[in-house]
file structure-v6.cif (mmCIF, C-alpha atoms and all ligand atoms)
data_my_file
#
loop_
_atom_site.label_atom_id
_atom_site.label_comp_id
_atom_site.auth_asym_id
_atom_site.auth_seq_id
_atom_site.Cartn_x
_atom_site.Cartn_y
_atom_site.Cartn_z
CA MET A 7 -15.61 15.61 37.92
CA ARG A 8 -15.82 19.33 38.41
CA GLY A 9 -17.99 21.94 36.70
CA PHE A 10 -16.67 23.30 33.44
CA PHE A 11 -19.16 25.90 32.29
CA MET A 12 -18.35 28.42 35.01
CA GLN A 13 -15.19 29.73 33.44
CA LYS A 14 -15.42 33.27 32.00
CA SER A 15 -15.10 33.64 28.28
CA ASN A 16 -11.88 35.22 27.08
CA GLN A 17 -12.62 37.91 24.53
CA ASN A 18 -8.97 38.80 23.94
CA ILE A 19 -8.13 36.36 21.19
CA ASN A 20 -4.71 36.88 19.63
CA SER A 21 -1.93 34.83 18.08
CA CYS A 22 -0.91 33.48 21.52
CA SER A 23 -4.41 32.08 22.13
CA PRO A 24 -4.73 28.30 21.95
CA ILE A 25 -6.01 26.21 19.07
CA GLY A 26 -9.15 24.28 20.08
CA VAL A 27 -9.50 20.68 18.94
CA PHE A 28 -12.49 18.42 19.52
CA ASP A 29 -13.56 14.91 18.64
CA SER A 30 -16.28 12.52 19.69
CA GLY A 31 -13.57 10.97 21.83
CA VAL A 32 -9.92 9.99 21.90
CA GLY A 33 -9.38 9.49 18.15
CA GLY A 34 -8.82 13.15 17.34
CA THR A 35 -5.50 12.92 19.18
CA SER A 36 -4.18 11.37 15.94
CA ILE A 37 -4.87 14.77 14.32
CA TRP A 38 -3.69 16.71 17.36
CA LYS A 39 -0.29 14.97 17.08
CA GLU A 40 0.09 16.14 13.48
CA ILE A 41 -0.86 19.70 14.45
CA VAL A 42 1.61 20.02 17.31
CA ALA A 43 4.38 18.43 15.22
CA LEU A 44 3.87 20.98 12.44
CA LEU A 45 3.14 24.00 14.65
CA PRO A 46 5.65 23.93 17.50
CA ASN A 47 4.75 27.36 18.93
CA GLU A 48 1.06 26.69 19.34
CA SER A 49 -0.80 25.88 22.55
CA THR A 50 -3.84 23.63 22.29
CA ILE A 51 -6.97 22.66 24.17
CA TYR A 52 -8.35 19.21 23.31
CA LEU A 53 -11.89 18.12 24.14
CA ALA A 54 -12.71 14.41 24.08
CA ASP A 55 -16.50 14.09 24.08
CA SER A 56 -16.20 10.37 24.83
CA LYS A 57 -19.44 10.38 26.84
CA ASN A 58 -21.33 10.94 23.57
CA ALA A 59 -19.26 8.64 21.34
CA PRO A 60 -19.86 7.29 18.83
CA TYR A 61 -21.23 10.23 16.84
CA GLY A 62 -21.41 8.05 13.75
CA ILE A 63 -24.68 6.42 14.71
CA ARG A 64 -26.42 9.71 15.56
CA SER A 65 -28.73 11.89 13.48
CA LYS A 66 -27.36 14.98 11.73
CA GLN A 67 -29.22 17.24 14.18
CA GLU A 68 -27.80 15.42 17.20
CA ILE A 69 -24.29 15.75 15.77
CA ILE A 70 -24.85 19.48 15.16
CA ASN A 71 -26.02 19.97 18.76
CA LEU A 72 -22.96 18.16 20.14
CA CYS A 73 -20.65 20.17 17.89
CA GLU A 74 -22.20 23.44 19.09
CA LYS A 75 -21.68 22.39 22.71
CA ASN A 76 -18.02 21.52 22.06
CA THR A 77 -17.38 24.69 20.08
CA GLU A 78 -18.91 26.92 22.75
CA LEU A 79 -16.73 25.35 25.41
CA LEU A 80 -13.60 25.94 23.35
CA LEU A 81 -14.62 29.52 22.64
CA LYS A 82 -15.21 30.11 26.35
CA LYS A 83 -11.66 28.91 26.89
CA GLY A 84 -10.44 31.59 24.46
CA CYS A 85 -9.53 29.47 21.44
CA LYS A 86 -8.56 31.39 18.30
CA LEU A 87 -9.47 28.60 15.84
CA VAL A 88 -11.33 25.30 16.13
CA VAL A 89 -10.22 22.04 14.55
CA VAL A 90 -13.09 19.61 14.16
CA ALA A 91 -10.92 16.50 14.45
CA CYS A 92 -13.76 14.18 13.53
CA ASN A 93 -14.87 13.23 10.03
CA THR A 94 -18.41 12.50 11.21
CA ALA A 95 -18.73 15.92 12.85
CA THR A 96 -17.13 17.70 9.89
CA THR A 97 -19.25 16.08 7.22
CA ASN A 98 -22.46 16.69 9.16
CA ALA A 99 -21.91 19.99 10.92
CA ILE A 100 -19.05 22.13 9.62
CA ASP A 101 -21.21 24.32 7.37
CA HIS A 102 -23.50 25.00 10.30
CA LEU A 103 -20.57 25.86 12.59
CA ARG A 104 -19.01 28.20 10.04
CA ASN A 105 -22.33 30.02 9.62
CA LYS A 106 -22.94 30.36 13.33
CA TYR A 107 -19.53 31.27 14.81
CA SER A 108 -16.96 33.80 13.68
CA VAL A 109 -13.72 31.88 14.46
CA PRO A 110 -12.10 29.91 11.66
CA PHE A 111 -12.92 26.17 11.57
CA ILE A 112 -10.74 23.44 10.11
CA GLY A 113 -12.48 20.17 9.30
CA ILE A 114 -11.36 16.71 8.33
CA GLU A 115 -12.73 14.64 5.47
CA PRO A 116 -11.75 11.23 4.10
CA ALA A 117 -8.81 11.54 1.68
CA ILE A 118 -10.76 10.36 -1.37
CA LYS A 119 -9.07 12.81 -3.72
CA PRO A 120 -5.39 11.83 -3.28
CA ALA A 121 -6.30 8.14 -3.16
CA SER A 122 -8.35 8.32 -6.37
CA ILE A 123 -5.69 10.30 -8.22
CA ARG A 124 -2.82 8.04 -7.18
CA SER A 125 -4.61 4.70 -7.48
CA THR A 126 -3.42 2.57 -10.39
CA SER A 127 -5.89 -0.29 -9.88
CA LYS A 128 -8.63 2.38 -9.82
CA VAL A 129 -10.29 0.56 -6.96
CA VAL A 130 -10.18 2.51 -3.68
CA GLY A 131 -11.49 1.38 -0.31
CA ILE A 132 -12.95 3.84 2.21
CA LEU A 133 -13.44 2.84 5.82
CA ALA A 134 -15.48 5.45 7.72
CA THR A 135 -18.40 5.73 10.10
CA LYS A 136 -21.99 5.31 8.98
CA GLY A 137 -22.54 9.01 9.78
CA THR A 138 -19.72 10.08 7.48
CA LEU A 139 -20.63 7.77 4.59
CA GLY A 140 -24.28 8.82 4.80
CA SER A 141 -23.58 12.56 4.84
CA ALA A 142 -24.37 14.81 1.88
CA LEU A 143 -20.86 16.32 2.00
CA PHE A 144 -19.18 12.92 1.73
CA GLN A 145 -21.45 11.81 -1.12
CA GLU A 146 -20.83 15.08 -2.96
CA THR A 147 -17.05 14.65 -2.71
CA ALA A 148 -17.24 10.98 -3.65
CA SER A 149 -19.33 11.80 -6.74
CA LEU A 150 -16.44 13.92 -8.06
CA TYR A 151 -14.21 10.84 -8.28
CA LYS A 152 -16.63 8.05 -9.13
CA ASP A 153 -15.97 8.34 -12.88
CA GLY A 154 -13.08 6.04 -13.61
CA VAL A 155 -12.53 4.97 -10.00
CA GLN A 156 -14.50 2.37 -8.13
CA LEU A 157 -14.98 3.60 -4.56
CA LEU A 158 -15.77 0.81 -2.12
CA GLU A 159 -17.44 2.26 0.97
CA GLN A 160 -17.36 0.27 4.17
CA ASP A 161 -18.84 1.45 7.44
CA GLY A 162 -16.71 0.63 10.43
CA THR A 163 -19.48 0.06 12.95
CA GLY A 164 -18.06 -0.99 16.32
CA ILE A 165 -14.46 0.16 15.78
CA VAL A 166 -14.79 3.51 17.58
CA GLU A 167 -16.47 1.82 20.56
CA LEU A 168 -13.63 -0.71 20.88
CA ILE A 169 -10.99 2.04 20.75
CA GLU A 170 -12.87 4.15 23.29
CA ASN A 171 -13.02 1.11 25.56
CA GLY A 172 -9.30 0.43 25.39
CA LYS A 173 -9.63 -2.59 23.07
CA LEU A 174 -7.43 -1.36 20.25
CA ASP A 175 -5.32 -4.50 20.22
CA SER A 176 -8.02 -7.05 21.03
CA SER A 177 -9.02 -10.14 19.06
CA GLU A 178 -12.48 -8.55 18.66
CA MET A 179 -10.80 -5.66 16.85
CA MET A 180 -8.79 -7.94 14.56
CA ASN A 181 -11.93 -9.87 13.64
CA LEU A 182 -13.84 -6.70 12.92
CA LEU A 183 -11.04 -5.26 10.79
CA LYS A 184 -10.59 -8.45 8.77
CA GLY A 185 -14.35 -8.63 8.19
CA TYR A 186 -14.43 -5.06 6.90
CA VAL A 187 -11.17 -4.81 4.96
CA SER A 188 -10.53 -8.29 3.50
CA PRO A 189 -13.46 -8.10 1.03
CA MET A 190 -12.06 -4.78 -0.27
CA ILE A 191 -8.62 -6.36 -0.71
CA GLU A 192 -10.21 -9.21 -2.67
CA LYS A 193 -11.88 -6.65 -4.94
CA GLY A 194 -8.47 -5.19 -5.84
CA ILE A 195 -8.03 -1.98 -3.85
CA ASP A 196 -4.58 -0.41 -3.94
CA TYR A 197 -5.52 2.45 -1.59
CA LEU A 198 -7.34 2.20 1.72
CA VAL A 199 -8.64 5.53 3.02
CA LEU A 200 -9.06 5.78 6.78
CA GLY A 201 -12.03 8.15 7.03
CA CYS A 202 -12.27 8.49 10.79
CA SER A 203 -9.78 10.15 13.11
CA HIS A 204 -9.82 7.12 15.42
CA TYR A 205 -8.62 4.84 12.62
CA PRO A 206 -4.93 5.87 12.26
CA TYR A 207 -4.44 4.01 15.54
CA LEU A 208 -5.45 0.84 13.66
CA ILE A 209 -2.55 1.01 11.22
CA PRO A 210 -0.24 -1.44 13.07
CA ASN A 211 -3.09 -3.98 13.22
CA LEU A 212 -4.10 -3.40 9.61
CA LYS A 213 -0.52 -3.95 8.47
CA LYS A 214 -0.66 -7.47 9.92
CA PHE A 215 -2.95 -8.59 7.10
CA VAL A 216 -3.24 -5.84 4.47
CA PRO A 217 -0.79 -6.59 1.61
CA GLU A 218 2.04 -4.13 0.99
CA ARG A 219 0.62 -3.20 -2.41
CA VAL A 220 -2.23 -1.43 -0.59
CA THR A 221 -1.36 2.08 0.62
CA ILE A 222 -3.16 3.13 3.77
CA ILE A 223 -3.82 6.88 3.98
CA ASP A 224 -5.46 9.30 6.37
CA SER A 225 -5.96 13.06 6.45
CA GLY A 226 -4.05 14.08 9.59
CA PHE A 227 -1.11 15.83 7.93
CA SER A 228 -3.40 17.71 5.50
CA VAL A 229 -5.43 19.00 8.44
CA ALA A 230 -2.27 20.26 10.14
CA LYS A 231 -1.14 22.01 6.94
CA GLN A 232 -4.55 23.59 6.47
CA THR A 233 -4.51 24.75 10.11
CA ARG A 234 -1.16 26.46 9.54
CA LEU A 235 -2.40 28.11 6.33
CA ILE A 236 -5.57 29.48 7.90
CA LEU A 237 -3.68 30.75 10.95
CA GLU A 238 -1.24 32.54 8.62
CA GLN A 239 -4.04 34.04 6.54
CA ASN A 240 -5.77 35.32 9.69
CA ARG A 241 -2.48 36.58 11.21
CA LEU A 242 -3.03 34.21 14.11
CA LEU A 243 0.10 32.06 13.79
CA ASN A 244 2.06 32.20 17.04
CA THR A 245 5.57 33.37 16.30
CA ASP A 246 6.46 34.15 19.95
CA LYS A 247 8.73 31.66 21.65
CA VAL A 248 6.46 31.47 24.71
CA PRO A 249 6.19 28.05 26.35
CA ARG A 250 3.30 26.18 24.75
CA ARG A 251 0.64 24.47 26.82
CA TYR A 252 -1.34 21.36 25.97
CA ILE A 253 -4.57 21.01 27.90
CA PHE A 254 -6.83 17.96 27.65
CA TYR A 255 -10.40 17.58 28.88
CA THR A 256 -12.50 14.45 28.77
CA ASN A 257 -16.02 13.81 30.03
CA GLN A 258 -15.26 10.12 30.68
CA SER A 259 -12.40 8.29 32.35
CA ALA A 260 -9.01 9.57 31.16
CA THR A 261 -7.43 6.10 30.97
CA VAL A 262 -7.52 5.52 27.20
CA LEU A 263 -6.77 9.15 26.35
CA ASN A 264 -3.75 8.96 28.64
CA ILE A 265 -2.40 5.92 26.80
CA LEU A 266 -2.79 7.61 23.42
CA ILE A 267 -0.91 10.73 24.54
CA GLU A 268 1.69 8.52 26.22
CA ASN A 269 0.99 9.81 29.74
CA LYS A 270 2.83 13.00 28.85
CA TYR A 271 0.23 15.63 29.66
CA LYS A 272 -2.30 16.30 32.37
CA ILE A 273 -5.90 15.40 31.54
CA GLU A 274 -8.85 16.84 33.42
CA GLU A 275 -11.99 14.75 33.79
CA VAL A 276 -14.82 17.29 33.66
CA ASP A 277 -18.54 17.43 32.96
CA PHE A 278 -19.47 18.85 29.59
N1 LIG B 1 -13.31 10.23 15.24
C1 LIG B 1 -14.63 10.27 14.68
C2 LIG B 1 -14.55 10.46 13.16
O1 LIG B 1 -13.54 10.90 12.65
C3 LIG B 1 -15.41 9.13 15.18
C4 LIG B 1 -16.84 9.28 14.94
C5 LIG B 1 -17.74 8.60 15.88
O2 LIG B 1 -17.72 8.93 17.08
O3 LIG B 1 -18.51 7.76 15.43
O4 LIG B 1 -15.49 10.20 12.45
#
call {"tool": "encode", "arguments": {"input": "structure-v6.cif", "output": "C-alpha cells", "more": "lines below"}}
Ligand code: DGL
result
Amino acid sequence: MRGFFMQKSNQNINSCSPIGVFDSGVGGTSIWKEIVALLPNESTIYLADSKNAPYGIRSKQEIINLCEKNTELLLKKGCKLVVVACNTATTNAIDHLRNKYSVPFIGIEPAIKPASIRSTSKVVGILATKGTLGSALFQETASLYKDGVQLLEQDGTGIVELIENGKLDSSEMMNLLKGYVSPMIEKGIDYLVLGCSHYPYLIPNLKKFVPERVTIIDSGFSVAKQTRLILEQNRLLNTDKVPRRYIFYTNQSATVLNILIENKYKIEEVDF
C-alpha cells in the first residue's frame, strides 16, 4: 500500500471536478452505481474505508472522526460534492460534516417515508445497522410515521462483516437473513426497507424466501436524484462531454470491491 496523504489539495473545483463517494466499505458501490447511471458525464472517486468497517457498532464520536478523515481525503483529491453512501455515517455525522465543510453533502437514510405511505398492511420492516437505528436522526424520522404505521426495527448485526469478507452468498448469510427477516414477515410487513448501503446486494438472497407481497426498497435511486439536483442548484453539473473517470481506493484488500464493480475499473489499495 502506498501513502495517500501526500497529494496536494486541488483548490480549483468546477463542474468537471469529480464527485466524492465514501462508505465504511464496499456497500456504497450500490449507491455509486445509481449515481453513475443517472449522471453519465460525472467522474467519481470512491473511498472504501473497509479497514474500519463496520461503522454500525461504533460510537457517534468515532463515526464522526472517520467521516472527517474520509471527507478530507476526498477534498484533497478535489471533489466538488461528497456523497455519504452510508446510512450509519449519514445518521450520525452529516450535520457535523455540513457545519464543518463548505462543499455540498448528500446523505442516505432508510426509506421509511415511501414505505410508510405506500404500505397497505401498515406494518413496515426496517433492516439497518445498530448505529443507524440508535441515531437521533433515524428516531426523529421514524417518529413522523409511527402514527398509523407499525415500524418493526431490526438490527442487521453481522451482515456487513459477511459482505466485507466475501460471504454474500454463504449459508451463514442465509441463516442470518432468515433469522432477522422471517419474524417481520410473520408480523405482516408488506414493505421491507433496506437501511444500509451494503444491503441492496442481499436482494437476490432475500427474494429466495421473502414472499412476493413484500416490496423490498432501498434509497439508492433517491440519492442519485438528490445528487443531480444539488449539482444543478450549485451549477456544478458536468455538461461537458469529457471522458469520465472512475477511481476507487480501498484501505483493505480490493478483492470484494472488485467483484462488486465487476472487475471493470482499477482499484488502488492505499493507506488512509
Ligand atoms: N454501508 C453502511 C450503512 O449504510 C454500513 C455501516 C457499517 O459499516 O456498519 O450503514
call {"tool": "atom_distance", "arguments": {"input": "structure-v6.cif", "atom1": "CA of Gly137 in chain A", "atom2": "atom C4 of ligand LIG 1 (chain B)"}}
result
7.7 Å
call {"tool": "closest_residue", "arguments": {"input": "structure-v6.cif", "among": "A:Tyr252, A:Phe144, A:Phe28, A:Phe111", "to": "Lys75 in chain A", "atoms": "all atoms listed in the file"}}
result
A:Phe28
call {"tool": "closest_atom_pairs", "arguments": {"input": "structure-v6.cif", "of": "range 37-88 of chain A", "to": "range 113-136 of chain A", "cutoff": "12 Å", "atoms": "all atoms listed in the file", "output": "CSV"}}
result
residue,atom,partner,partner_atom,distance
A:Ile37,CA,A:Ile114,CA,9.0
A:Trp38,CA,A:Ile114,CA,11.8
A:Ala59,CA,A:Thr135,CA,11.6
A:Pro60,CA,A:Thr135,CA,9.0
A:Tyr61,CA,A:Thr135,CA,8.6
A:Gly62,CA,A:Thr135,CA,5.3
A:Ile63,CA,A:Lys136,CA,6.4
A:Arg64,CA,A:Lys136,CA,9.1
A:Ser65,CA,A:Lys136,CA,10.4
A:Lys66,CA,A:Lys136,CA,11.4
A:Cys73,CA,A:Gly113,CA,11.9
A:Leu87,CA,A:Gly113,CA,11.1
A:Val88,CA,A:Gly113,CA,8.6
call {"tool": "atom_distance", "arguments": {"input": "structure-v6.cif", "atom1": "CA of Lys272 in chain A", "atom2": "CA of Ser49 in chain A"}}
result
13.8 Å
call {"tool": "atom_distance", "arguments": {"input": "structure-v6.cif", "atom1": "CA of Leu44 in chain A", "atom2": "CA of Lys270 in chain A"}}
result
18.3 Å
call {"tool": "build_atoms", "arguments": {"input": "structure-v6.cif", "residues": "range 69-80 of chain A", "atoms": "N, CA, C and O atoms", "output": "short mmCIF file (atom, residue, chain, number, x, y, z; two decimals), in the coordinates of the input"}}
result
data_model
loop_
_atom_site.label_atom_id
_atom_site.label_comp_id
_atom_site.auth_asym_id
_atom_site.auth_seq_id
_atom_site.Cartn_x
_atom_site.Cartn_y
_atom_site.Cartn_z
N ILE A 69 -25.72 15.46 15.96
CA ILE A 69 -24.29 15.75 15.77
C ILE A 69 -24.07 17.26 15.79
O ILE A 69 -23.15 17.76 16.44
N ILE A 70 -24.96 18.02 15.15
CA ILE A 70 -24.85 19.48 15.16
C ILE A 70 -24.92 20.01 16.60
O ILE A 70 -24.12 20.84 17.02
N ASN A 71 -25.87 19.49 17.37
CA ASN A 71 -26.02 19.97 18.76
C ASN A 71 -24.75 19.68 19.58
O ASN A 71 -24.29 20.53 20.34
N LEU A 72 -24.18 18.50 19.40
CA LEU A 72 -22.96 18.16 20.14
C LEU A 72 -21.79 19.05 19.70
O LEU A 72 -20.98 19.49 20.52
N CYS A 73 -21.73 19.32 18.40
CA CYS A 73 -20.65 20.17 17.89
C CYS A 73 -20.78 21.60 18.42
O CYS A 73 -19.77 22.25 18.73
N GLU A 74 -21.99 22.09 18.53
CA GLU A 74 -22.20 23.44 19.09
C GLU A 74 -21.72 23.47 20.54
O GLU A 74 -21.03 24.40 20.96
N LYS A 75 -22.10 22.45 21.29
CA LYS A 75 -21.68 22.39 22.71
C LYS A 75 -20.15 22.41 22.80
O LYS A 75 -19.58 23.19 23.57
N ASN A 76 -19.49 21.59 22.00
CA ASN A 76 -18.02 21.52 22.06
C ASN A 76 -17.39 22.85 21.65
O ASN A 76 -16.45 23.34 22.27
N THR A 77 -17.92 23.42 20.57
CA THR A 77 -17.38 24.69 20.08
C THR A 77 -17.52 25.77 21.14
O THR A 77 -16.58 26.53 21.41
N GLU A 78 -18.69 25.85 21.76
CA GLU A 78 -18.91 26.92 22.75
C GLU A 78 -17.98 26.78 23.94
O GLU A 78 -17.49 27.77 24.48
N LEU A 79 -17.69 25.55 24.32
CA LEU A 79 -16.73 25.35 25.41
C LEU A 79 -15.34 25.84 25.01
O LEU A 79 -14.66 26.52 25.77
N LEU A 80 -14.94 25.52 23.81
CA LEU A 80 -13.60 25.94 23.35
C LEU A 80 -13.53 27.45 23.20
O LEU A 80 -12.51 28.07 23.52
#
